[in-house]
>>> print(open('input07.cif').read())   # mmCIF, N, CA and C atoms
data_run
loop_
_atom_site.group_PDB
_atom_site.id
_atom_site.type_symbol
_atom_site.label_atom_id
_atom_site.label_comp_id
_atom_site.auth_asym_id
_atom_site.auth_seq_id
_atom_site.Cartn_x
_atom_site.Cartn_y
_atom_site.Cartn_z
ATOM 1 N N MET A 1 16.184 21.114 17.994
ATOM 2 C CA MET A 1 15.365 21.723 19.012
ATOM 3 C C MET A 1 14.536 20.630 19.686
ATOM 4 N N PRO A 2 14.533 20.549 21.016
ATOM 5 C CA PRO A 2 13.753 19.517 21.704
ATOM 6 C C PRO A 2 12.251 19.781 21.546
ATOM 7 N N ARG A 3 11.495 18.698 21.497
ATOM 8 C CA ARG A 3 10.042 18.795 21.395
ATOM 9 C C ARG A 3 9.431 18.796 22.787
ATOM 10 N N LEU A 4 8.395 19.575 22.953
ATOM 11 C CA LEU A 4 7.684 19.653 24.214
ATOM 12 C C LEU A 4 6.634 18.545 24.266
ATOM 13 N N ILE A 5 6.595 17.835 25.363
ATOM 14 C CA ILE A 5 5.577 16.811 25.574
ATOM 15 C C ILE A 5 4.684 17.278 26.712
ATOM 16 N N SER A 6 3.396 17.329 26.429
ATOM 17 C CA SER A 6 2.418 17.707 27.453
ATOM 18 C C SER A 6 1.465 16.553 27.659
ATOM 19 N N VAL A 7 1.108 16.313 28.900
ATOM 20 C CA VAL A 7 0.160 15.257 29.234
ATOM 21 C C VAL A 7 -1.106 15.924 29.752
ATOM 22 N N HIS A 8 -2.239 15.546 29.155
ATOM 23 C CA HIS A 8 -3.530 16.090 29.546
ATOM 24 C C HIS A 8 -4.442 14.920 29.895
ATOM 25 N N PRO A 9 -4.579 14.571 31.168
ATOM 26 C CA PRO A 9 -5.363 13.400 31.541
ATOM 27 C C PRO A 9 -6.858 13.522 31.243
ATOM 28 N N LEU A 10 -7.353 14.740 31.093
ATOM 29 C CA LEU A 10 -8.768 14.943 30.780
ATOM 30 C C LEU A 10 -8.898 16.036 29.731
ATOM 31 N N PRO A 11 -9.832 15.890 28.792
ATOM 32 C CA PRO A 11 -10.025 16.926 27.778
ATOM 33 C C PRO A 11 -10.349 18.292 28.377
ATOM 34 N N ALA A 12 -10.984 18.318 29.519
ATOM 35 C CA ALA A 12 -11.361 19.590 30.140
ATOM 36 C C ALA A 12 -10.156 20.344 30.711
ATOM 37 N N LEU A 13 -9.001 19.706 30.758
ATOM 38 C CA LEU A 13 -7.835 20.324 31.376
ATOM 39 C C LEU A 13 -6.920 21.046 30.393
ATOM 40 N N PHE A 14 -7.344 21.191 29.137
ATOM 41 C CA PHE A 14 -6.553 21.953 28.173
ATOM 42 C C PHE A 14 -7.480 22.545 27.122
ATOM 43 N N GLU A 15 -6.979 23.541 26.439
ATOM 44 C CA GLU A 15 -7.714 24.166 25.349
ATOM 45 C C GLU A 15 -7.214 23.594 24.024
ATOM 46 N N PRO A 16 -8.088 23.442 23.022
ATOM 47 C CA PRO A 16 -7.655 22.909 21.723
ATOM 48 C C PRO A 16 -6.463 23.663 21.132
ATOM 49 N N ASN A 17 -6.394 24.965 21.339
ATOM 50 C CA ASN A 17 -5.256 25.732 20.812
ATOM 51 C C ASN A 17 -3.939 25.325 21.449
ATOM 52 N N ASP A 18 -3.992 24.708 22.633
ATOM 53 C CA ASP A 18 -2.771 24.258 23.298
ATOM 54 C C ASP A 18 -2.050 23.180 22.505
ATOM 55 N N VAL A 19 -2.783 22.430 21.690
ATOM 56 C CA VAL A 19 -2.170 21.338 20.925
ATOM 57 C C VAL A 19 -2.236 21.575 19.415
ATOM 58 N N ALA A 20 -2.779 22.717 19.000
ATOM 59 C CA ALA A 20 -2.888 23.016 17.569
ATOM 60 C C ALA A 20 -1.505 23.026 16.920
ATOM 61 N N GLY A 21 -1.416 22.387 15.767
ATOM 62 C CA GLY A 21 -0.162 22.349 15.029
ATOM 63 C C GLY A 21 0.816 21.310 15.530
ATOM 64 N N GLY A 22 0.441 20.577 16.544
ATOM 65 C CA GLY A 22 1.329 19.561 17.099
ATOM 66 C C GLY A 22 0.826 18.167 16.782
ATOM 67 N N ILE A 23 1.362 17.213 17.449
ATOM 68 C CA ILE A 23 0.960 15.817 17.300
ATOM 69 C C ILE A 23 0.248 15.417 18.581
ATOM 70 N N ALA A 24 -0.934 14.833 18.436
ATOM 71 C CA ALA A 24 -1.698 14.389 19.595
ATOM 72 C C ALA A 24 -1.743 12.866 19.613
ATOM 73 N N VAL A 25 -1.530 12.300 20.776
ATOM 74 C CA VAL A 25 -1.645 10.864 20.980
ATOM 75 C C VAL A 25 -2.745 10.656 22.014
ATOM 76 N N VAL A 26 -3.740 9.866 21.639
ATOM 77 C CA VAL A 26 -4.857 9.604 22.540
ATOM 78 C C VAL A 26 -4.736 8.186 23.067
ATOM 79 N N VAL A 27 -4.705 8.044 24.379
ATOM 80 C CA VAL A 27 -4.745 6.725 24.995
ATOM 81 C C VAL A 27 -6.210 6.471 25.312
ATOM 82 N N ASP A 28 -6.787 5.548 24.583
ATOM 83 C CA ASP A 28 -8.232 5.357 24.593
ATOM 84 C C ASP A 28 -8.644 4.330 25.637
ATOM 85 N N ILE A 29 -8.667 4.750 26.876
ATOM 86 C CA ILE A 29 -9.020 3.846 27.966
ATOM 87 C C ILE A 29 -10.491 3.467 27.908
ATOM 88 N N LEU A 30 -11.332 4.401 27.490
ATOM 89 C CA LEU A 30 -12.770 4.172 27.517
ATOM 90 C C LEU A 30 -13.361 3.741 26.172
ATOM 91 N N ARG A 31 -12.567 3.596 25.160
ATOM 92 C CA ARG A 31 -12.986 3.196 23.815
ATOM 93 C C ARG A 31 -13.765 4.263 23.067
ATOM 94 N N ALA A 32 -14.243 5.279 23.733
ATOM 95 C CA ALA A 32 -15.044 6.309 23.069
ATOM 96 C C ALA A 32 -14.214 7.092 22.054
ATOM 97 N N SER A 33 -12.943 7.333 22.348
ATOM 98 C CA SER A 33 -12.123 8.128 21.436
ATOM 99 C C SER A 33 -11.983 7.466 20.082
ATOM 100 N N THR A 34 -11.885 6.146 20.045
ATOM 101 C CA THR A 34 -11.801 5.437 18.778
ATOM 102 C C THR A 34 -13.085 5.607 17.984
ATOM 103 N N THR A 35 -14.214 5.481 18.644
ATOM 104 C CA THR A 35 -15.504 5.644 17.968
ATOM 105 C C THR A 35 -15.651 7.060 17.440
ATOM 106 N N ILE A 36 -15.303 8.046 18.235
ATOM 107 C CA ILE A 36 -15.405 9.444 17.809
ATOM 108 C C ILE A 36 -14.489 9.714 16.627
ATOM 109 N N THR A 37 -13.254 9.234 16.689
ATOM 110 C CA THR A 37 -12.296 9.437 15.601
ATOM 111 C C THR A 37 -12.788 8.816 14.305
ATOM 112 N N ARG A 38 -13.311 7.599 14.378
ATOM 113 C CA ARG A 38 -13.822 6.925 13.176
ATOM 114 C C ARG A 38 -15.039 7.649 12.610
ATOM 115 N N ALA A 39 -15.915 8.118 13.481
ATOM 116 C CA ALA A 39 -17.095 8.848 13.019
ATOM 117 C C ALA A 39 -16.672 10.112 12.266
ATOM 118 N N LEU A 40 -15.739 10.862 12.844
ATOM 119 C CA LEU A 40 -15.268 12.084 12.188
ATOM 120 C C LEU A 40 -14.554 11.771 10.876
ATOM 121 N N ALA A 41 -13.760 10.719 10.862
ATOM 122 C CA ALA A 41 -13.054 10.331 9.639
ATOM 123 C C ALA A 41 -14.010 9.907 8.534
ATOM 124 N N ASN A 42 -15.199 9.462 8.915
ATOM 125 C CA ASN A 42 -16.182 9.010 7.934
ATOM 126 C C ASN A 42 -17.233 10.061 7.613
ATOM 127 N N GLY A 43 -16.973 11.311 7.981
ATOM 128 C CA GLY A 43 -17.783 12.400 7.474
ATOM 129 C C GLY A 43 -18.865 12.984 8.349
ATOM 130 N N VAL A 44 -18.958 12.584 9.616
ATOM 131 C CA VAL A 44 -19.972 13.234 10.447
ATOM 132 C C VAL A 44 -19.592 14.696 10.654
ATOM 133 N N ASP A 45 -20.592 15.538 10.836
ATOM 134 C CA ASP A 45 -20.337 16.967 11.043
ATOM 135 C C ASP A 45 -19.791 17.248 12.438
ATOM 136 N N CYS A 46 -20.274 16.508 13.426
ATOM 137 C CA CYS A 46 -19.795 16.716 14.785
ATOM 138 C C CYS A 46 -20.179 15.526 15.645
ATOM 139 N N VAL A 47 -19.555 15.449 16.801
ATOM 140 C CA VAL A 47 -19.874 14.437 17.807
ATOM 141 C C VAL A 47 -20.144 15.196 19.100
ATOM 142 N N ILE A 48 -21.242 14.869 19.755
ATOM 143 C CA ILE A 48 -21.594 15.520 21.011
ATOM 144 C C ILE A 48 -21.606 14.446 22.102
ATOM 145 N N PRO A 49 -20.522 14.316 22.858
ATOM 146 C CA PRO A 49 -20.494 13.317 23.930
ATOM 147 C C PRO A 49 -21.492 13.677 25.036
ATOM 148 N N CYS A 50 -22.157 12.671 25.563
ATOM 149 C CA CYS A 50 -23.131 12.860 26.635
ATOM 150 C C CYS A 50 -22.816 11.877 27.757
ATOM 151 N N GLY A 51 -23.125 12.279 28.963
ATOM 152 C CA GLY A 51 -22.836 11.442 30.116
ATOM 153 C C GLY A 51 -23.889 10.397 30.414
ATOM 154 N N THR A 52 -25.103 10.616 29.923
ATOM 155 C CA THR A 52 -26.186 9.674 30.193
ATOM 156 C C THR A 52 -27.042 9.487 28.945
ATOM 157 N N VAL A 53 -27.800 8.402 28.927
ATOM 158 C CA VAL A 53 -28.732 8.158 27.824
ATOM 159 C C VAL A 53 -29.755 9.291 27.762
ATOM 160 N N GLU A 54 -30.229 9.698 28.920
ATOM 161 C CA GLU A 54 -31.240 10.761 28.970
ATOM 162 C C GLU A 54 -30.704 12.061 28.375
ATOM 163 N N GLU A 55 -29.470 12.391 28.683
ATOM 164 C CA GLU A 55 -28.865 13.604 28.117
ATOM 165 C C GLU A 55 -28.757 13.495 26.602
ATOM 166 N N ALA A 56 -28.367 12.325 26.108
ATOM 167 C CA ALA A 56 -28.257 12.125 24.660
ATOM 168 C C ALA A 56 -29.616 12.305 23.979
ATOM 169 N N ILE A 57 -30.647 11.773 24.583
ATOM 170 C CA ILE A 57 -31.993 11.916 24.013
ATOM 171 C C ILE A 57 -32.421 13.379 24.023
ATOM 172 N N ASP A 58 -32.118 14.091 25.092
ATOM 173 C CA ASP A 58 -32.446 15.519 25.158
ATOM 174 C C ASP A 58 -31.727 16.296 24.058
ATOM 175 N N VAL A 59 -30.445 16.003 23.849
ATOM 176 C CA VAL A 59 -29.675 16.671 22.795
ATOM 177 C C VAL A 59 -30.286 16.363 21.434
ATOM 178 N N ARG A 60 -30.580 15.100 21.180
ATOM 179 C CA ARG A 60 -31.184 14.710 19.902
ATOM 180 C C ARG A 60 -32.500 15.444 19.665
ATOM 181 N N ASN A 61 -33.296 15.570 20.705
ATOM 182 C CA ASN A 61 -34.603 16.207 20.563
ATOM 183 C C ASN A 61 -34.502 17.696 20.241
ATOM 184 N N GLU A 62 -33.349 18.296 20.504
ATOM 185 C CA GLU A 62 -33.134 19.708 20.187
ATOM 186 C C GLU A 62 -32.654 19.915 18.748
ATOM 187 N N LEU A 63 -32.284 18.848 18.069
ATOM 188 C CA LEU A 63 -31.758 18.937 16.703
ATOM 189 C C LEU A 63 -32.865 18.644 15.689
ATOM 190 N N PRO A 64 -32.678 19.097 14.439
ATOM 191 C CA PRO A 64 -33.684 18.811 13.419
ATOM 192 C C PRO A 64 -33.863 17.295 13.238
ATOM 193 N N PRO A 65 -35.100 16.841 13.049
ATOM 194 C CA PRO A 65 -35.354 15.406 12.859
ATOM 195 C C PRO A 65 -34.503 14.820 11.727
ATOM 196 N N GLY A 66 -33.970 13.628 11.972
ATOM 197 C CA GLY A 66 -33.184 12.918 10.963
ATOM 198 C C GLY A 66 -31.744 13.369 10.833
ATOM 199 N N THR A 67 -31.283 14.287 11.688
ATOM 200 C CA THR A 67 -29.904 14.777 11.571
ATOM 201 C C THR A 67 -28.980 14.227 12.647
ATOM 202 N N CYS A 68 -29.495 13.366 13.511
ATOM 203 C CA CYS A 68 -28.699 12.885 14.642
ATOM 204 C C CYS A 68 -28.790 11.373 14.734
ATOM 205 N N LEU A 69 -27.653 10.742 14.933
ATOM 206 C CA LEU A 69 -27.582 9.313 15.158
ATOM 207 C C LEU A 69 -27.031 9.098 16.566
ATOM 208 N N LEU A 70 -27.796 8.404 17.388
ATOM 209 C CA LEU A 70 -27.324 8.111 18.752
ATOM 210 C C LEU A 70 -26.531 6.814 18.764
ATOM 211 N N GLY A 71 -25.489 6.789 19.561
ATOM 212 C CA GLY A 71 -24.708 5.569 19.720
ATOM 213 C C GLY A 71 -24.075 5.581 21.089
ATOM 214 N N GLY A 72 -23.799 4.414 21.612
ATOM 215 C CA GLY A 72 -23.177 4.365 22.921
ATOM 216 C C GLY A 72 -23.003 2.948 23.402
ATOM 217 N N GLU A 73 -22.587 2.843 24.636
ATOM 218 C CA GLU A 73 -22.358 1.527 25.225
ATOM 219 C C GLU A 73 -22.634 1.581 26.712
ATOM 220 N N ARG A 74 -22.917 0.478 27.257
ATOM 221 C CA ARG A 74 -23.116 0.331 28.691
ATOM 222 C C ARG A 74 -22.360 -0.904 29.147
ATOM 223 N N GLY A 75 -21.815 -0.828 30.339
ATOM 224 C CA GLY A 75 -21.115 -1.989 30.895
ATOM 225 C C GLY A 75 -19.810 -2.241 30.207
#
>>> encode(input="input07.cif", output="structure tokens")
Amino acid sequence: MPRLISVHPLPALFEPNDVAGGIAVVVDILRASTTITRALANGVDCVIPCGTVEEAIDVRNELPPGTCLLGGERG
């Protein structure tokens, strides 16, 4: 039986159930996917991607103290 290959250029363009039970290949152009994958593999409960430093700080401030680690890159 032939395997179906789907290309999703952006995470917002598909639902997680669309790839459930299959094999996912991530082309990590922005390097963030590698960091997220390693964080999850090392036991973090979740990763909340943010578009700006200010947004990340706002998200952190909504969480219980000591439960959030901020990380990111610029340039």
>>> closest_residue(input="input07.cif", among="A:Val47, A:Glu73, A:Val25, A:Thr37", to="Val7 in chain A", atoms="only C-alpha atoms")
A:Val25
>>> select_by_dssp(input="input07.cif", residues="chain A", states="alpha helix (DSSP H)", output="PyMOL selection string")
chain A and resi 32-41+53-62
>>> residues_around(input="input07.cif", residues="Val59 in chain A", least_positions_apart="4", cutoff="12 Å", atoms="only C-alpha atoms", output="PyMOL selection string")
chain A and resi 47-55+63-65+67-70
>>> write_last_selection(input="input07.cif", atoms="N, CA and C atoms", output="mmCIF file, in the frame of the given file")
data_model
loop_
_atom_site.group_PDB
_atom_site.id
_atom_site.type_symbol
_atom_site.label_atom_id
_atom_site.label_comp_id
_atom_site.auth_asym_id
_atom_site.auth_seq_id
_atom_site.Cartn_x
_atom_site.Cartn_y
_atom_site.Cartn_z
ATOM 1 N N VAL A 47 -19.555 15.449 16.801
ATOM 2 C CA VAL A 47 -19.874 14.437 17.807
ATOM 3 C C VAL A 47 -20.144 15.196 19.100
ATOM 4 N N ILE A 48 -21.242 14.869 19.755
ATOM 5 C CA ILE A 48 -21.594 15.520 21.011
ATOM 6 C C ILE A 48 -21.606 14.446 22.102
ATOM 7 N N PRO A 49 -20.522 14.316 22.858
ATOM 8 C CA PRO A 49 -20.494 13.317 23.930
ATOM 9 C C PRO A 49 -21.492 13.677 25.036
ATOM 10 N N CYS A 50 -22.157 12.671 25.563
ATOM 11 C CA CYS A 50 -23.131 12.860 26.635
ATOM 12 C C CYS A 50 -22.816 11.877 27.757
ATOM 13 N N GLY A 51 -23.125 12.279 28.963
ATOM 14 C CA GLY A 51 -22.836 11.442 30.116
ATOM 15 C C GLY A 51 -23.889 10.397 30.414
ATOM 16 N N THR A 52 -25.103 10.616 29.923
ATOM 17 C CA THR A 52 -26.186 9.674 30.193
ATOM 18 C C THR A 52 -27.042 9.487 28.945
ATOM 19 N N VAL A 53 -27.800 8.402 28.927
ATOM 20 C CA VAL A 53 -28.732 8.158 27.824
ATOM 21 C C VAL A 53 -29.755 9.291 27.762
ATOM 22 N N GLU A 54 -30.229 9.698 28.920
ATOM 23 C CA GLU A 54 -31.240 10.761 28.970
ATOM 24 C C GLU A 54 -30.704 12.061 28.375
ATOM 25 N N GLU A 55 -29.470 12.391 28.683
ATOM 26 C CA GLU A 55 -28.865 13.604 28.117
ATOM 27 C C GLU A 55 -28.757 13.495 26.602
ATOM 28 N N LEU A 63 -32.284 18.848 18.069
ATOM 29 C CA LEU A 63 -31.758 18.937 16.703
ATOM 30 C C LEU A 63 -32.865 18.644 15.689
ATOM 31 N N PRO A 64 -32.678 19.097 14.439
ATOM 32 C CA PRO A 64 -33.684 18.811 13.419
ATOM 33 C C PRO A 64 -33.863 17.295 13.238
ATOM 34 N N PRO A 65 -35.100 16.841 13.049
ATOM 35 C CA PRO A 65 -35.354 15.406 12.859
ATOM 36 C C PRO A 65 -34.503 14.820 11.727
ATOM 37 N N THR A 67 -31.283 14.287 11.688
ATOM 38 C CA THR A 67 -29.904 14.777 11.571
ATOM 39 C C THR A 67 -28.980 14.227 12.647
ATOM 40 N N CYS A 68 -29.495 13.366 13.511
ATOM 41 C CA CYS A 68 -28.699 12.885 14.642
ATOM 42 C C CYS A 68 -28.790 11.373 14.734
ATOM 43 N N LEU A 69 -27.653 10.742 14.933
ATOM 44 C CA LEU A 69 -27.582 9.313 15.158
ATOM 45 C C LEU A 69 -27.031 9.098 16.566
ATOM 46 N N LEU A 70 -27.796 8.404 17.388
ATOM 47 C CA LEU A 70 -27.324 8.111 18.752
ATOM 48 C C LEU A 70 -26.531 6.814 18.764
#
>>> atom_distance(input="input07.cif", atom1="CA of Phe14 in chain A", atom2="CA of Val44 in chain A")
23.9 Å
>>> atom_distance(input="input07.cif", atom1="CA of Ser6 in chain A", atom2="CA of Gly22 in chain A")
10.6 Å
>>> atom_distance(input="input07.cif", atom1="CA of Gly66 in chain A", atom2="CA of Asn42 in chain A")
17.7 Å
>>> axis_aligned_box(input="input07.cif", around="range 52-66 of chain A", padding_each_side="8 Å", output="AutoDock Vina command-line options")
--center_x -30.2 --center_y 14.0 --center_z 20.5 --size_x 26.3 --size_y 27.8 --size_z 35.4
>>> build_atoms(input="input07.cif", residues="range 52-63 of chain A", atoms="all heavy atoms", output="tab-separated table (two decimals), keeping the file's coordinate frame")
chain	number	residue	atom	x	y	z
A	52	THR	N	-25.10	10.62	29.92
A	52	THR	CA	-26.19	9.67	30.19
A	52	THR	C	-27.04	9.49	28.94
A	52	THR	O	-27.02	10.32	28.03
A	52	THR	CB	-27.11	10.18	31.32
A	52	THR	OG1	-27.78	11.37	30.87
A	52	THR	CG2	-26.34	10.46	32.60
A	53	VAL	N	-27.80	8.40	28.93
A	53	VAL	CA	-28.73	8.16	27.82
A	53	VAL	C	-29.76	9.29	27.76
A	53	VAL	O	-30.08	9.80	26.69
A	53	VAL	CB	-29.43	6.79	27.99
A	53	VAL	CG1	-30.55	6.62	26.98
A	53	VAL	CG2	-28.42	5.66	27.89
A	54	GLU	N	-30.23	9.70	28.92
A	54	GLU	CA	-31.24	10.76	28.97
A	54	GLU	C	-30.70	12.06	28.38
A	54	GLU	O	-31.42	12.76	27.65
A	54	GLU	CB	-31.70	10.98	30.42
A	54	GLU	CG	-32.44	9.81	31.03
A	54	GLU	CD	-31.53	8.64	31.45
A	54	GLU	OE1	-30.31	8.84	31.63
A	54	GLU	OE2	-32.05	7.52	31.59
A	55	GLU	N	-29.47	12.39	28.68
A	55	GLU	CA	-28.86	13.60	28.12
A	55	GLU	C	-28.76	13.50	26.60
A	55	GLU	O	-29.04	14.46	25.88
A	55	GLU	CB	-27.48	13.84	28.73
A	55	GLU	CG	-26.80	15.10	28.20
A	55	GLU	CD	-25.38	15.27	28.71
A	55	GLU	OE1	-24.91	14.46	29.54
A	55	GLU	OE2	-24.74	16.23	28.27
A	56	ALA	N	-28.37	12.32	26.11
A	56	ALA	CA	-28.26	12.12	24.66
A	56	ALA	C	-29.62	12.30	23.98
A	56	ALA	O	-29.72	12.93	22.92
A	56	ALA	CB	-27.69	10.74	24.36
A	57	ILE	N	-30.65	11.77	24.58
A	57	ILE	CA	-31.99	11.92	24.01
A	57	ILE	C	-32.42	13.38	24.02
A	57	ILE	O	-32.98	13.88	23.04
A	57	ILE	CB	-32.99	11.02	24.76
A	57	ILE	CG1	-32.67	9.55	24.46
A	57	ILE	CG2	-34.43	11.35	24.38
A	57	ILE	CD1	-33.41	8.55	25.33
A	58	ASP	N	-32.12	14.09	25.09
A	58	ASP	CA	-32.45	15.52	25.16
A	58	ASP	C	-31.73	16.30	24.06
A	58	ASP	O	-32.32	17.15	23.40
A	58	ASP	CB	-32.09	16.10	26.52
A	58	ASP	CG	-33.01	15.64	27.64
A	58	ASP	OD1	-34.12	15.12	27.34
A	58	ASP	OD2	-32.61	15.78	28.82
A	59	VAL	N	-30.44	16.00	23.85
A	59	VAL	CA	-29.68	16.67	22.80
A	59	VAL	C	-30.29	16.36	21.43
A	59	VAL	O	-30.50	17.26	20.61
A	59	VAL	CB	-28.19	16.26	22.84
A	59	VAL	CG1	-27.45	16.74	21.60
A	59	VAL	CG2	-27.52	16.81	24.10
A	60	ARG	N	-30.58	15.10	21.18
A	60	ARG	CA	-31.18	14.71	19.90
A	60	ARG	C	-32.50	15.44	19.66
A	60	ARG	O	-32.78	15.90	18.55
A	60	ARG	CB	-31.43	13.21	19.85
A	60	ARG	CG	-32.03	12.80	18.49
A	60	ARG	CD	-32.79	11.51	18.50
A	60	ARG	NE	-33.81	11.49	19.52
A	60	ARG	CZ	-34.31	10.38	20.03
A	60	ARG	NH1	-33.86	9.22	19.62
A	60	ARG	NH2	-35.23	10.42	20.95
A	61	ASN	N	-33.30	15.57	20.70
A	61	ASN	CA	-34.60	16.21	20.56
A	61	ASN	C	-34.50	17.70	20.24
A	61	ASN	O	-35.47	18.28	19.75
A	61	ASN	CB	-35.44	15.99	21.82
A	61	ASN	CG	-35.88	14.54	21.95
A	61	ASN	OD1	-35.89	13.78	20.99
A	61	ASN	ND2	-36.24	14.14	23.16
A	62	GLU	N	-33.35	18.30	20.50
A	62	GLU	CA	-33.13	19.71	20.19
A	62	GLU	C	-32.65	19.92	18.75
A	62	GLU	O	-32.62	21.04	18.27
A	62	GLU	CB	-32.12	20.32	21.15
A	62	GLU	CG	-32.59	20.37	22.59
A	62	GLU	CD	-33.79	21.28	22.79
A	62	GLU	OE1	-33.82	22.37	22.17
A	62	GLU	OE2	-34.71	20.90	23.55
A	63	LEU	N	-32.28	18.85	18.07
A	63	LEU	CA	-31.76	18.94	16.70
A	63	LEU	C	-32.86	18.64	15.69
A	63	LEU	O	-33.86	17.99	16.02
A	63	LEU	CB	-30.60	17.95	16.54
A	63	LEU	CG	-29.39	18.24	17.43
A	63	LEU	CD1	-28.40	17.08	17.37
A	63	LEU	CD2	-28.72	19.54	17.02
